[in-house]
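J.: What follows is final31.csv, made up of CSV, C-alpha atoms:
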chain,number,residue,atom,x,y,z
A,190,MET,CA,-21.9,0.0,-7.7
A,191,VAL,CA,-21.1,3.7,-7.7
A,192,VAL,CA,-19.8,5.1,-11.0
A,193,THR,CA,-16.7,7.2,-10.5
A,194,PRO,CA,-15.4,9.8,-13.0
A,195,PHE,CA,-12.0,9.5,-14.7
A,196,THR,CA,-9.7,12.0,-13.0
A,197,PRO,CA,-6.4,12.0,-14.9
A,198,ILE,CA,-4.9,15.3,-13.7
A,199,ALA,CA,-5.7,14.8,-10.0
A,200,SER,CA,-4.6,11.1,-10.1
A,201,LEU,CA,-1.3,11.9,-11.8
A,202,LEU,CA,-0.7,14.8,-9.3
A,203,GLY,CA,-1.6,12.6,-6.3
A,204,GLY,CA,0.5,9.8,-7.6
A,205,ALA,CA,3.4,12.2,-7.9
A,206,LEU,CA,3.0,13.2,-4.3
A,207,ILE,CA,3.1,9.6,-3.3
A,208,GLY,CA,6.3,9.3,-5.3
A,209,LEU,CA,7.7,12.4,-3.6
A,210,SER,CA,6.9,10.9,-0.2
A,211,ALA,CA,8.8,7.7,-1.1
A,212,VAL,CA,11.8,9.6,-2.3
A,213,LEU,CA,11.9,11.8,0.8
A,214,LEU,CA,11.7,8.7,3.1
A,215,MET,CA,14.5,7.1,1.2
A,216,TRP,CA,16.6,10.3,1.3
A,217,THR,CA,16.1,11.0,5.0
A,218,THR,CA,15.8,7.5,6.6
A,219,GLY,CA,17.1,5.2,3.9
A,220,ARG,CA,13.9,3.1,4.1
A,221,ILE,CA,11.4,1.9,1.5
A,222,ALA,CA,8.0,3.6,1.8
A,223,GLY,CA,6.1,0.3,1.9
A,224,VAL,CA,3.0,0.9,4.0
A,225,SER,CA,2.4,-2.8,4.8
A,226,GLY,CA,6.0,-3.2,6.0
A,227,ILE,CA,5.9,-0.1,8.1
A,228,ALA,CA,2.4,-0.9,9.6
A,229,ALA,CA,3.3,-4.6,10.3
A,230,ARG,CA,6.4,-3.5,12.2
A,231,LEU,CA,4.2,-1.4,14.6
A,232,PHE,CA,3.5,-4.7,16.3
A,233,PRO,CA,5.9,-7.1,18.1
A,234,PRO,CA,8.4,-8.7,17.6
A,235,TYR,CA,10.5,-5.6,17.3
A,236,GLU,CA,13.7,-6.1,15.3
A,237,ASP,CA,15.1,-2.6,15.4
A,238,ARG,CA,14.7,0.8,17.1
A,239,GLU,CA,12.7,2.5,14.4
A,240,LEU,CA,9.3,2.2,16.1
A,241,ALA,CA,8.8,5.9,16.8
A,242,GLY,CA,9.5,6.9,13.2
A,243,ARG,CA,7.1,4.3,11.9
A,244,LEU,CA,4.4,5.4,14.3
A,245,ALA,CA,5.0,9.0,13.1
A,246,PHE,CA,4.7,8.0,9.4
A,247,VAL,CA,1.5,6.1,10.1
A,248,ALA,CA,0.1,9.0,12.2
A,249,GLY,CA,0.8,11.3,9.2
A,250,LEU,CA,-1.1,8.9,6.9
A,251,VAL,CA,-4.1,8.9,9.2
A,252,LEU,CA,-4.1,12.6,10.0
A,253,ALA,CA,-3.6,13.7,6.4
A,254,PRO,CA,-7.4,13.9,5.7
A,255,VAL,CA,-7.9,15.7,9.1
A,256,LEU,CA,-5.4,18.3,8.0
A,257,ALA,CA,-6.9,18.5,4.5
A,258,ARG,CA,-10.3,19.1,5.9
A,259,LEU,CA,-9.0,21.9,8.2
A,260,VAL,CA,-7.4,23.7,5.3
A,261,THR,CA,-9.9,23.2,2.5
A,262,GLY,CA,-13.1,22.7,4.6
A,263,SER,CA,-14.1,19.5,2.8
A,264,LEU,CA,-12.9,16.0,1.7
A,265,PRO,CA,-13.5,14.2,-1.5
A,266,ALA,CA,-16.1,11.4,-1.7
A,267,GLN,CA,-15.4,8.1,-0.1
A,268,THR,CA,-17.7,5.2,-0.8
A,269,ILE,CA,-17.1,1.9,1.0
A,270,ALA,CA,-19.6,-0.6,-0.3
A,271,ALA,CA,-18.5,-3.7,1.6
A,272,GLY,CA,-20.4,-4.7,4.7
A,273,THR,CA,-18.8,-5.7,8.0
A,274,PRO,CA,-18.3,-9.5,7.3
A,275,LEU,CA,-16.7,-8.7,3.9
A,276,LEU,CA,-14.5,-6.0,5.4
A,277,ILE,CA,-13.2,-8.4,8.0
A,278,VAL,CA,-12.4,-11.1,5.5
A,279,ALA,CA,-10.9,-8.6,3.1
A,280,GLY,CA,-8.8,-7.0,5.8
A,281,LEU,CA,-7.4,-10.3,7.0
A,282,LEU,CA,-6.5,-11.4,3.5
A,283,THR,CA,-5.0,-8.0,2.6
A,284,GLY,CA,-2.9,-7.8,5.8
A,285,PHE,CA,-1.8,-11.5,5.7
A,286,GLY,CA,-1.0,-11.4,2.0
A,287,ALA,CA,0.9,-8.2,2.1
A,288,VAL,CA,3.3,-9.5,4.8
A,289,TRP,CA,3.5,-13.0,3.3
A,290,GLY,CA,4.4,-11.4,-0.1
A,291,SER,CA,6.9,-8.9,1.5
A,292,GLY,CA,5.0,-5.8,0.4
A,293,CYS,CA,1.8,-4.2,-1.0
A,294,THR,CA,0.9,-1.6,-3.6
A,295,SER,CA,3.4,1.0,-2.3
A,296,GLY,CA,6.3,-1.3,-1.4
A,297,HIS,CA,6.2,-3.4,-4.6
A,298,GLY,CA,4.0,-1.3,-6.9
A,299,VAL,CA,5.7,2.0,-6.4
A,300,CYS,CA,9.1,1.6,-4.7
A,301,GLY,CA,9.9,-1.9,-6.1
A,302,LEU,CA,9.0,-1.1,-9.7
A,303,SER,CA,11.0,2.1,-9.5
A,304,ARG,CA,14.0,0.0,-8.5
A,305,LEU,CA,13.4,-2.3,-11.4
A,306,SER,CA,13.0,-5.2,-9.0
A,307,VAL,CA,11.9,-8.5,-10.7
A,308,ARG,CA,10.4,-9.7,-7.4
A,309,SER,CA,8.3,-6.6,-7.2
A,310,LEU,CA,7.2,-6.9,-10.8
A,311,VAL,CA,6.1,-10.4,-10.3
A,312,ALA,CA,4.3,-9.3,-7.1
A,313,THR,CA,2.6,-6.3,-8.7
A,314,MET,CA,1.4,-8.3,-11.7
A,315,THR,CA,0.1,-11.0,-9.4
A,316,PHE,CA,-1.9,-8.7,-7.1
A,317,MET,CA,-3.3,-6.8,-10.0
A,318,ALA,CA,-4.5,-10.0,-11.7
A,319,ALA,CA,-5.9,-11.3,-8.4
A,320,GLY,CA,-7.7,-8.1,-7.7
A,321,MET,CA,-9.2,-7.9,-11.2
A,322,ALA,CA,-10.3,-11.6,-11.0
A,323,THR,CA,-11.9,-11.0,-7.6
A,324,VAL,CA,-13.8,-7.9,-8.8
A,325,PHE,CA,-14.9,-9.8,-11.9
A,326,VAL,CA,-16.2,-12.7,-9.9
A,327,MET,CA,-17.9,-10.4,-7.3
A,328,ARG,CA,-19.6,-8.2,-9.9
A,329,HIS,CA,-20.3,-10.3,-13.0
A,330,TRP,CA,-20.8,-13.9,-11.7
A,331,SER,CA,-23.7,-13.2,-9.4
B,262,MET,CA,13.6,15.8,14.5
B,263,THR,CA,13.5,12.7,12.3
B,264,ILE,CA,10.3,11.7,14.0
B,265,LEU,CA,8.7,15.0,12.9
B,266,ILE,CA,10.1,14.6,9.4
B,267,GLN,CA,8.6,11.1,9.1
B,268,PHE,CA,5.3,12.5,10.2
B,269,GLY,CA,5.5,15.1,7.5
B,270,ILE,CA,6.4,12.5,4.9
B,271,GLY,CA,3.4,10.4,6.0
B,272,VAL,CA,1.2,13.5,5.6
B,273,VAL,CA,2.5,14.0,2.0
B,274,PHE,CA,1.8,10.3,1.3
B,275,GLY,CA,-1.7,10.6,2.7
B,276,LEU,CA,-2.5,13.8,0.8
B,277,GLY,CA,-1.3,12.0,-2.4
B,278,LEU,CA,-3.7,9.2,-1.7
B,279,ILE,CA,-6.6,11.6,-1.1
B,280,ILE,CA,-5.9,13.8,-4.2
B,281,SER,CA,-5.3,10.9,-6.4
B,282,GLY,CA,-8.6,9.3,-5.5
B,283,MET,CA,-7.0,6.1,-4.1
B,284,SER,CA,-8.6,6.7,-0.7
B,285,ASN,CA,-12.0,6.0,-2.3
B,286,PRO,CA,-12.5,2.2,-2.5
B,287,ALA,CA,-15.2,2.7,-5.2
B,288,LYS,CA,-12.6,4.2,-7.5
B,289,VAL,CA,-10.1,1.4,-6.9
B,290,LEU,CA,-12.8,-1.3,-7.5
B,291,ASN,CA,-13.9,0.5,-10.7
B,292,PHE,CA,-10.3,0.4,-11.9
B,293,LEU,CA,-10.0,-3.3,-11.1
B,294,ASP,CA,-13.3,-4.0,-12.8
B,295,VAL,CA,-12.1,-5.0,-16.3
B,296,GLY,CA,-15.7,-6.0,-17.1
B,297,GLY,CA,-16.5,-2.3,-16.9
B,298,ILE,CA,-14.4,-1.6,-20.0
B,299,THR,CA,-17.1,-2.7,-22.3
B,300,ALA,CA,-19.8,-1.4,-20.0
B,301,GLY,CA,-18.3,2.1,-20.0
B,302,THR,CA,-17.9,2.2,-16.2
B,303,TRP,CA,-14.1,1.5,-16.1
B,304,ASP,CA,-12.2,4.1,-14.2
B,305,ALA,CA,-8.6,4.2,-15.5
B,306,SER,CA,-7.5,6.8,-12.9
B,307,LEU,CA,-5.5,4.3,-10.9
B,308,ALA,CA,-3.1,3.7,-13.8
B,309,LEU,CA,-2.2,7.3,-13.7
B,310,VAL,CA,-1.6,7.2,-9.9
B,311,MET,CA,0.8,4.4,-10.5
B,312,ALA,CA,2.4,6.2,-13.5
B,313,GLY,CA,2.9,9.5,-11.5
B,314,ALA,CA,4.2,7.7,-8.4
B,315,VAL,CA,6.6,5.4,-10.3
B,316,ALA,CA,7.9,8.3,-12.5
B,317,VAL,CA,8.8,10.5,-9.5
B,318,THR,CA,10.2,7.6,-7.5
B,319,PHE,CA,12.3,6.2,-10.4
B,320,ILE,CA,14.0,9.6,-10.9
B,321,GLY,CA,14.2,10.4,-7.2
B,322,PHE,CA,15.6,7.0,-6.2
B,323,SER,CA,18.2,7.0,-9.0
B,324,ARG,CA,19.6,10.2,-7.6
B,325,VAL,CA,19.2,9.6,-3.8
B,326,LEU,CA,20.7,6.1,-4.0
B,327,LYS,CA,23.9,7.6,-5.5
B,328,LEU,CA,24.5,9.4,-2.2
B,329,ALA,CA,27.0,7.9,0.3
B,330,ARG,CA,24.2,7.6,3.0
B,331,PRO,CA,20.8,8.9,3.9
B,332,ALA,CA,20.5,12.3,5.7
B,333,PHE,CA,19.5,10.8,9.0
B,334,ALA,CA,20.6,7.1,9.0
B,335,ASP,CA,23.8,5.2,8.7
B,336,ARG,CA,22.9,3.4,5.5
B,337,PHE,CA,20.2,2.6,2.9
B,338,TYR,CA,18.0,-0.3,3.7
B,339,VAL,CA,17.2,-1.5,0.2
B,340,PRO,CA,16.0,-5.0,-0.4
B,341,THR,CA,18.5,-7.2,-2.2
B,342,ARG,CA,16.6,-10.5,-2.9
B,343,LYS,CA,16.2,-11.4,-6.5
B,344,ASP,CA,14.8,-15.0,-6.2
B,345,ILE,CA,11.3,-15.8,-7.2
B,346,ASP,CA,10.0,-18.1,-4.4
B,347,PRO,CA,6.5,-19.4,-3.9
B,348,ARG,CA,5.7,-16.7,-1.3
B,349,ILE,CA,6.3,-13.8,-3.7
B,350,ILE,CA,3.4,-15.2,-5.7
B,351,ALA,CA,1.2,-16.6,-3.0
B,352,GLY,CA,1.4,-13.5,-0.8
B,353,PRO,CA,0.4,-11.0,-3.5
B,354,ALA,CA,-2.3,-13.4,-4.8
B,355,ILE,CA,-3.9,-13.5,-1.3
B,356,PHE,CA,-3.4,-9.7,-1.0
B,357,GLY,CA,-5.0,-9.1,-4.4
B,358,ILE,CA,-8.1,-11.0,-3.4
B,359,GLY,CA,-8.5,-9.0,-0.2
B,360,TRP,CA,-7.9,-5.8,-2.2
B,361,GLY,CA,-10.5,-6.8,-4.8
B,362,LEU,CA,-13.1,-7.6,-2.1
B,363,ALA,CA,-13.2,-4.2,-0.4
B,364,GLY,CA,-11.1,-1.9,-2.6
B,365,PHE,CA,-8.6,-1.1,0.3
B,366,CYS,CA,-4.9,-1.7,0.3
B,367,PRO,CA,-2.9,-0.8,3.5
B,368,GLY,CA,-2.0,2.9,2.7
B,369,PRO,CA,-5.5,4.1,1.6
B,370,ALA,CA,-7.1,2.0,4.5
B,371,LEU,CA,-5.0,3.9,7.1
B,372,THR,CA,-5.7,7.2,5.4
B,373,ALA,CA,-9.4,6.3,5.4
B,374,LEU,CA,-9.3,6.2,9.2
B,375,GLY,CA,-8.8,9.9,9.2
B,376,PHE,CA,-12.1,10.3,7.2
B,377,GLY,CA,-13.8,9.1,10.4
B,378,SER,CA,-15.2,6.0,8.8
B,379,ALA,CA,-16.3,3.0,10.9
B,380,SER,CA,-15.9,0.7,7.9
B,381,ALA,CA,-12.2,1.7,7.6
B,382,PHE,CA,-11.7,1.0,11.2
B,383,ILE,CA,-13.1,-2.5,10.9
B,384,PHE,CA,-11.0,-3.2,7.8
B,385,VAL,CA,-7.8,-1.8,9.5
B,386,ALA,CA,-8.3,-3.9,12.6
B,387,ALA,CA,-8.7,-7.1,10.6
B,388,MET,CA,-5.7,-6.1,8.4
B,389,CYS,CA,-3.5,-5.6,11.4
B,390,ALA,CA,-4.6,-9.0,12.7
B,391,GLY,CA,-3.7,-10.6,9.3
B,392,MET,CA,-0.3,-8.9,9.5
B,393,VAL,CA,0.5,-10.1,13.0
B,394,LEU,CA,-0.7,-13.6,12.0
B,395,ALA,CA,1.5,-13.7,8.9
B,396,ARG,CA,4.6,-12.6,10.9
B,397,PHE,CA,3.8,-15.2,13.5
B,398,ILE,CA,3.5,-18.1,11.1
B,399,ALA,CA,6.6,-17.0,9.2
B,400,GLN,CA,8.6,-17.2,12.5
B,401,VAL,CA,7.3,-20.6,13.6
B,402,PRO,CA,9.9,-23.2,12.7
B,403,SER,CA,8.2,-26.1,10.9
B,404,ALA,CA,9.4,-29.2,9.3
B,405,ALA,CA,6.4,-29.0,7.0
B,406,ARG,CA,7.5,-25.7,5.5
B,407,VAL,CA,8.8,-26.2,2.0
B,408,VAL,CA,10.6,-22.9,1.7
B,409,THR,CA,12.4,-21.1,4.5
B,410,PRO,CA,12.3,-17.3,3.9
B,411,ALA,CA,15.2,-15.1,4.8
B,412,ASP,CA,13.2,-12.2,5.9
B,413,PRO,CA,9.4,-12.3,5.7
B,414,LEU,CA,9.1,-8.5,5.3
B,415,GLU,CA,11.8,-7.8,2.8
B,416,THR,CA,10.5,-6.5,-0.4
Could I get this structure in the form of structure tokens?

T.:
Amino acid sequence: MVVTPFTPIASLLGGALIGLSAVLLMWTTGRIAGVSGIAARLFPPYEDRELAGRLAFVAGLVLAPVLARLVTGSLPAQTIAAGTPLLIVAGLLTGFGAVWGSGCTSGHGVCGLSRLSVRSLVATMTFMAAGMATVFVMRHWS
Amino acid sequence: MTILIQFGIGVVFGLGLIISGMSNPAKVLNFLDVGGITAGTWDASLALVMAGAVAVTFIGFSRVLKLARPAFADRFYVPTRKDIDPRIIAGPAIFGIGWGLAGFCPGPALTALGFGSASAFIFVAAMCAGMVLARFIAQVPSAARVVTPADPLET
């Protein structure tokens, strides 16, 4: 494993930007900034006419590091330890579970908790516990 | 116009993920690794990402939702469900396992695509397949299903 430094200021600031983004999306479009909900609705069946806006939001997410690199000339470290088979299994579970549970870290963890939603609190505690248990098994049981 | 605004909001979200460190799976896994608390390798940063995001969103939502309507839409689309059904536990449990295996959740995974990483591309492709599969299963009418969800994507 790669040891990462504790970054309280940058993490708080970055978190605040994520919050700002969620507030702006609610203010302009009236929608929850839940990335799994937005990403899942890029695929059929289409239930409304918001596809272009969702595509634009996802394009912004994807292009943010490209823009950051253009402006600052570099990007922070990114270490992806998982190999291809693990990435595929993890991706399937993450995508399936996020839709099955009506949201992910952003929809439940940020927007839901901020609305004091009990469903989101249950969801957030569940995925935190499941994530911690999984890392514990992967790192300390082998 | 609203398309451009939503692109800009996506960029702000992505920059938040990059600056906060959430776009780095190693940092996420080191936060989830409670075994690292005694070993001294635990990275508590993610707790501050959540704190910063929830603080701003809590204050912002409380003001915005007092408005009659959003700036560019006819109404607010805020989830209304309050029931605790099996899916609100099963879904996040499955999601959490996937999150703990690779250190990616949907937002950071999409932003990681812009880092030019092949690993992120593999993860996102599988994630999208999982999403499509979940939506498909949720729509199949089945007598074997115990609970009929109102809206599979509603938070």

J.: Determine, counting only C-alpha atoms, which protein, DNA and RNA residues have an atom within 7 Å of an atom of segment 279-281 of chain B; residues of the same chain fewer than 6 positions away are not included. Present the result as an NGL selection string.

T.: (:A and (199-204)) or (:B and (310))

J.: Interatomic distance between atom CA of Ala287 of chain B and atom CA of Leu362 of chain B?

T.: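 Pair atom CA of Ala287 of chain B / atom CA of Leu362 of chain B returns 11.0 Å.
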
J.: Between atom CA of Met317 of chain A and atom CA of Ser210 of chain A, what is the distance, to one decimal in Å?

T.: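 If I compute the distance from atom CA of Met317 of chain A to atom CA of Ser210 of chain A, I get 22.7 Å.
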
J.: What lies within 12 Å of Leu302 of chain A using all atoms listed in the file, ignoring chain neighbours under 2 positions off, as a tab-separated table (two decimals) with C-alpha atoms, keeping the file's coordinate frame?

T.:
chain	number	residue	atom	x	y	z
A	208	GLY	CA	6.30	9.30	-5.30
A	221	ILE	CA	11.40	1.90	1.50
A	292	GLY	CA	5.00	-5.80	0.40
A	293	CYS	CA	1.80	-4.20	-1.00
A	294	THR	CA	0.90	-1.60	-3.60
A	295	SER	CA	3.40	1.00	-2.30
A	296	GLY	CA	6.30	-1.30	-1.40
A	297	HIS	CA	6.20	-3.40	-4.60
A	298	GLY	CA	4.00	-1.30	-6.90
A	299	VAL	CA	5.70	2.00	-6.40
A	300	CYS	CA	9.10	1.60	-4.70
A	304	ARG	CA	14.00	0.00	-8.50
A	305	LEU	CA	13.40	-2.30	-11.40
A	306	SER	CA	13.00	-5.20	-9.00
A	307	VAL	CA	11.90	-8.50	-10.70
A	308	ARG	CA	10.40	-9.70	-7.40
A	309	SER	CA	8.30	-6.60	-7.20
A	310	LEU	CA	7.20	-6.90	-10.80
A	311	VAL	CA	6.10	-10.40	-10.30
A	312	ALA	CA	4.30	-9.30	-7.10
A	313	THR	CA	2.60	-6.30	-8.70
A	314	MET	CA	1.40	-8.30	-11.70
B	311	MET	CA	0.80	4.40	-10.50
B	312	ALA	CA	2.40	6.20	-13.50
B	314	ALA	CA	4.20	7.70	-8.40
B	315	VAL	CA	6.60	5.40	-10.30
B	316	ALA	CA	7.90	8.30	-12.50
B	317	VAL	CA	8.80	10.50	-9.50
B	318	THR	CA	10.20	7.60	-7.50
B	319	PHE	CA	12.30	6.20	-10.40
B	320	ILE	CA	14.00	9.60	-10.90
B	322	PHE	CA	15.60	7.00	-6.20
B	416	THR	CA	10.50	-6.50	-0.40

J.: Compare B:Phe333, B:Phe382, B:Phe397, B:Trp303 by their minimum atom-to-atom distance to chain A, counting only C-alpha atoms, and give me the closest one.

T.: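 Selected residue with least distance to chain A: B:Phe333.
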
J.: Could you jot down the atom CA of Val273 of chain B to atom CA of Leu213 of chain A separation for me, Å, one decimal place?

T.: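 These two atoms are separated by 9.7 Å.
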
J.: Of the candidates B:Arg324, B:Gly357, B:Ile398, B:Ala329, which one gets nearest to chain A if we count all atoms listed in the file?

T.: B:Gly357

J.: Taking all atoms listed in the file into account, name the residue in A:Ala318, A:Leu240, A:Leu276, A:Ala287 that is nearest to Val224 of chain A.

T.: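 Closest candidate: A:Ala287.
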
J.: Got a sec to check which residues sit within 8 Å of (-2.4, 1.2, 7.0), counting all atoms listed in the file, and write them as a ChimeraX atom specification?

T.: /A:224-225,228,247,250 /B:366-372,385

J.: Near Phe274 of chain B, counting all atoms listed in the file, which residues have an atom at most 8 Å away, once you skip same-chain residues fewer than 4 positions from it, shown as a PyMOL selection string?

T.: (chain A and resi 206-207+209-211+250) or (chain B and resi 270+278)

J.: Place a sphere of radius 9 Å on (6.2, 4.3, 8.9) in the file coordinates and name every protein, DNA or RNA residue with an atom inside or on its surface, counting all atoms listed in the file; give the answer as number ranges by chain.

T.: A: 222-224, 226-228, 230-231, 239-250; B: 267-268, 271

J.: Out of B:Ala399, B:Met392, B:Val339, B:Ala363, which residue has the shortest atom-to-atom distance to Ser380 of chain B when counting only C-alpha atoms?

T.: B:Ala363
